Amino acid sequence: MQRAELTEKILDIKREKGWSWKYICGEIGGFSPMLITAALLGQMKLTKPQAQSAAKLFGLSKAEAAMLNEVPYRGSLPSAVPTDPLIYRFYELVMVYGTTWKELIQEEFGDGIMSAIDFDIALERLPNPKGDRVKITMSGKFLPYKYYGNTGNIPEYGYKEE
């Protein structure tokens, strides 16, 4: 079985049972709902105990449970530019604001990146009379570039110079 087939199986069972992601994540527990959902969709991995809980919940085989505990091939969207309108809006945000985020992060922190590994993300609904709003909060560790071969008073890392 390929990982994409396991994802489809999980989605089929979720539909058949009428379960919400909130329910599923509550049953598996141990991580944020964002991470558990990402794992069940094939983009993250579950711990062995969580994989066992998921296997029990979804009636999966031992091999399928083991697959939920394997490090996945991340970022495996089916095309270079996403065509799903909701996912495309995130792509659009990066196209429009990506250079701005880069400039502002590097102006504040220095020469580096925001980690997508040491990272936290949360989603919440904000009621609004003109239409509810989606609030996504992302927090990633700043990782400065290392300046190899530095000598003398040249910094080793790209932290912001005061």
# chains A, B, ... in the order shown; residues from 1 in each chain; ligands from 1
>>> closest_atom_pairs(of="region 58-156 of chain A", to="region 27-32 of chain A", cutoff="12 Å", atoms="only C-alpha atoms", output="Markdown table")
| residue | atom | partner | partner_atom | distance |
| --- | --- | --- | --- | --- |
| A:Phe58 | CA | A:Ile28 | CA | 10.6 |
| A:Phe119 | CA | A:Ser32 | CA | 11.7 |
| A:Asp120 | CA | A:Ser32 | CA | 8.9 |
| A:Ile121 | CA | A:Ser32 | CA | 8.8 |
| A:Ala122 | CA | A:Ser32 | CA | 8.3 |
| A:Leu123 | CA | A:Ser32 | CA | 10.5 |
>>> write_last_selection(atoms="N, CA and C atoms", output="short mmCIF file (atom, residue, chain, number, x, y, z; two decimals), in the first residue's frame")
data_model
loop_
_atom_site.label_atom_id
_atom_site.label_comp_id
_atom_site.auth_asym_id
_atom_site.auth_seq_id
_atom_site.Cartn_x
_atom_site.Cartn_y
_atom_site.Cartn_z
N PHE A 58 -9.61 3.51 13.45
CA PHE A 58 -9.96 3.34 12.04
C PHE A 58 -9.99 1.88 11.60
N PHE A 119 8.17 24.52 14.99
CA PHE A 119 7.08 25.34 14.49
C PHE A 119 5.78 24.98 15.19
N ASP A 120 4.94 25.97 15.38
CA ASP A 120 3.61 25.76 15.96
C ASP A 120 2.61 26.54 15.13
N ILE A 121 1.44 25.99 14.96
CA ILE A 121 0.39 26.66 14.19
C ILE A 121 -0.95 26.38 14.85
N ALA A 122 -1.80 27.39 14.89
CA ALA A 122 -3.13 27.23 15.48
C ALA A 122 -4.15 27.94 14.60
N LEU A 123 -5.33 27.40 14.56
CA LEU A 123 -6.42 27.95 13.77
C LEU A 123 -7.60 28.22 14.69
#
>>> residues_around(residues="region 95-112 of chain A", least_positions_apart="3", cutoff="9 Å", atoms="only C-alpha atoms", output="list of chain:residue names")
A:Phe90, A:Tyr91, A:Glu92, A:Phe142, A:Leu143, A:Pro144, A:Tyr145, A:Lys146, A:Tyr157, A:Gly158, A:Tyr159, A:Lys160, A:Glu161
>>> atom_distance(atom1="CA of Lys135 (chain A)", atom2="CA of Ile113 (chain A)")
22.6 Å
>>> select_by_dssp(residues="region 43-78 of chain A", states="helix (DSSP H, G or I)", output="JSON, numbers by chain")
{"A": [48, 49, 50, 51, 52, 53, 54, 55, 56, 57, 58, 62, 63, 64, 65, 66, 67, 68]}
>>> write_last_selection(atoms="C-alpha atoms", output="short mmCIF file (atom, residue, chain, number, x, y, z; two decimals), in the first residue's frame")
data_model
loop_
_atom_site.label_atom_id
_atom_site.label_comp_id
_atom_site.auth_asym_id
_atom_site.auth_seq_id
_atom_site.Cartn_x
_atom_site.Cartn_y
_atom_site.Cartn_z
CA LYS A 48 3.88 4.62 17.94
CA PRO A 49 1.21 4.88 20.69
CA GLN A 50 -0.73 7.44 18.63
CA ALA A 51 -0.44 5.27 15.52
CA GLN A 52 -1.85 2.38 17.56
CA SER A 53 -4.75 4.58 18.75
CA ALA A 54 -5.41 5.65 15.17
CA ALA A 55 -5.25 2.04 13.99
CA LYS A 56 -7.78 0.99 16.64
CA LEU A 57 -10.06 3.92 15.82
CA PHE A 58 -9.96 3.34 12.04
CA LYS A 62 -0.38 -3.45 11.74
CA ALA A 63 1.36 -2.45 8.51
CA GLU A 64 -0.95 0.57 8.13
CA ALA A 65 -0.32 1.59 11.75
CA ALA A 66 3.42 1.31 11.13
CA MET A 67 3.04 3.54 8.07
CA LEU A 68 1.45 6.26 10.27
#
>>> closest_residue(among="A:Asn69, A:Arg74, A:Tyr88, A:Glu124", to="Ile136 (chain A)", atoms="only C-alpha atoms")
A:Glu124
>>> residues_around(residues="Lys9 (chain A)", least_positions_apart="4", cutoff="12 Å", atoms="only C-alpha atoms", output="ChimeraX atom specification")
/A:1-5,13-16,40-42,55,58-61,64
>>> atom_distance(atom1="CA of Asp132 (chain A)", atom2="CA of Ala39 (chain A)")
27.4 Å
>>> atom_distance(atom1="CA of Ala38 (chain A)", atom2="CA of Gly131 (chain A)")
26.9 Å
>>> residues_around(residues="Lys141 (chain A)", least_positions_apart="2", cutoff="6 Å", atoms="only C-alpha atoms", output="ChimeraX atom specification")
/A:114-115,118
>>> select_by_dssp(residues="region 33-148 of chain A", states="strand (DSSP E)", output="ChimeraX atom specification")
/A:112-126,133-144
>>> write_last_selection(atoms="C-alpha atoms", output="PDB file, in the first residue's frame")
ATOM      1  CA  GLY A 112      18.121  33.515   8.501  1.00  0.00           C
ATOM      2  CA  ILE A 113      14.798  31.742   8.172  1.00  0.00           C
ATOM      3  CA  MET A 114      11.715  30.854  10.192  1.00  0.00           C
ATOM      4  CA  SER A 115      11.745  27.138  10.948  1.00  0.00           C
ATOM      5  CA  ALA A 116       8.965  24.926   9.644  1.00  0.00           C
ATOM      6  CA  ILE A 117      10.340  22.132  11.862  1.00  0.00           C
ATOM      7  CA  ASP A 118      10.487  23.896  15.246  1.00  0.00           C
ATOM      8  CA  PHE A 119       7.081  25.344  14.487  1.00  0.00           C
ATOM      9  CA  ASP A 120       3.611  25.762  15.961  1.00  0.00           C
ATOM     10  CA  ILE A 121       0.390  26.665  14.187  1.00  0.00           C
ATOM     11  CA  ALA A 122      -3.134  27.230  15.485  1.00  0.00           C
ATOM     12  CA  LEU A 123      -6.418  27.950  13.771  1.00  0.00           C
ATOM     13  CA  GLU A 124      -9.412  29.668  15.324  1.00  0.00           C
ATOM     14  CA  ARG A 125     -12.752  31.094  14.270  1.00  0.00           C
ATOM     15  CA  LEU A 126     -13.388  34.774  15.023  1.00  0.00           C
ATOM     16  CA  ARG A 133     -13.013  35.294  10.057  1.00  0.00           C
ATOM     17  CA  VAL A 134     -10.269  32.683  10.032  1.00  0.00           C
ATOM     18  CA  LYS A 135      -7.318  33.403  12.319  1.00  0.00           C
ATOM     19  CA  ILE A 136      -4.154  31.407  11.784  1.00  0.00           C
ATOM     20  CA  THR A 137      -1.264  31.929  14.163  1.00  0.00           C
ATOM     21  CA  MET A 138       2.156  30.619  13.159  1.00  0.00           C
ATOM     22  CA  SER A 139       5.217  30.585  15.375  1.00  0.00           C
ATOM     23  CA  GLY A 140       8.535  29.277  14.119  1.00  0.00           C
ATOM     24  CA  LYS A 141      11.968  29.376  15.670  1.00  0.00           C
ATOM     25  CA  PHE A 142      14.377  31.801  13.978  1.00  0.00           C
ATOM     26  CA  LEU A 143      17.308  29.920  12.474  1.00  0.00           C
ATOM     27  CA  PRO A 144      20.232  32.156  11.501  1.00  0.00           C
TER      28      PRO A 144
END
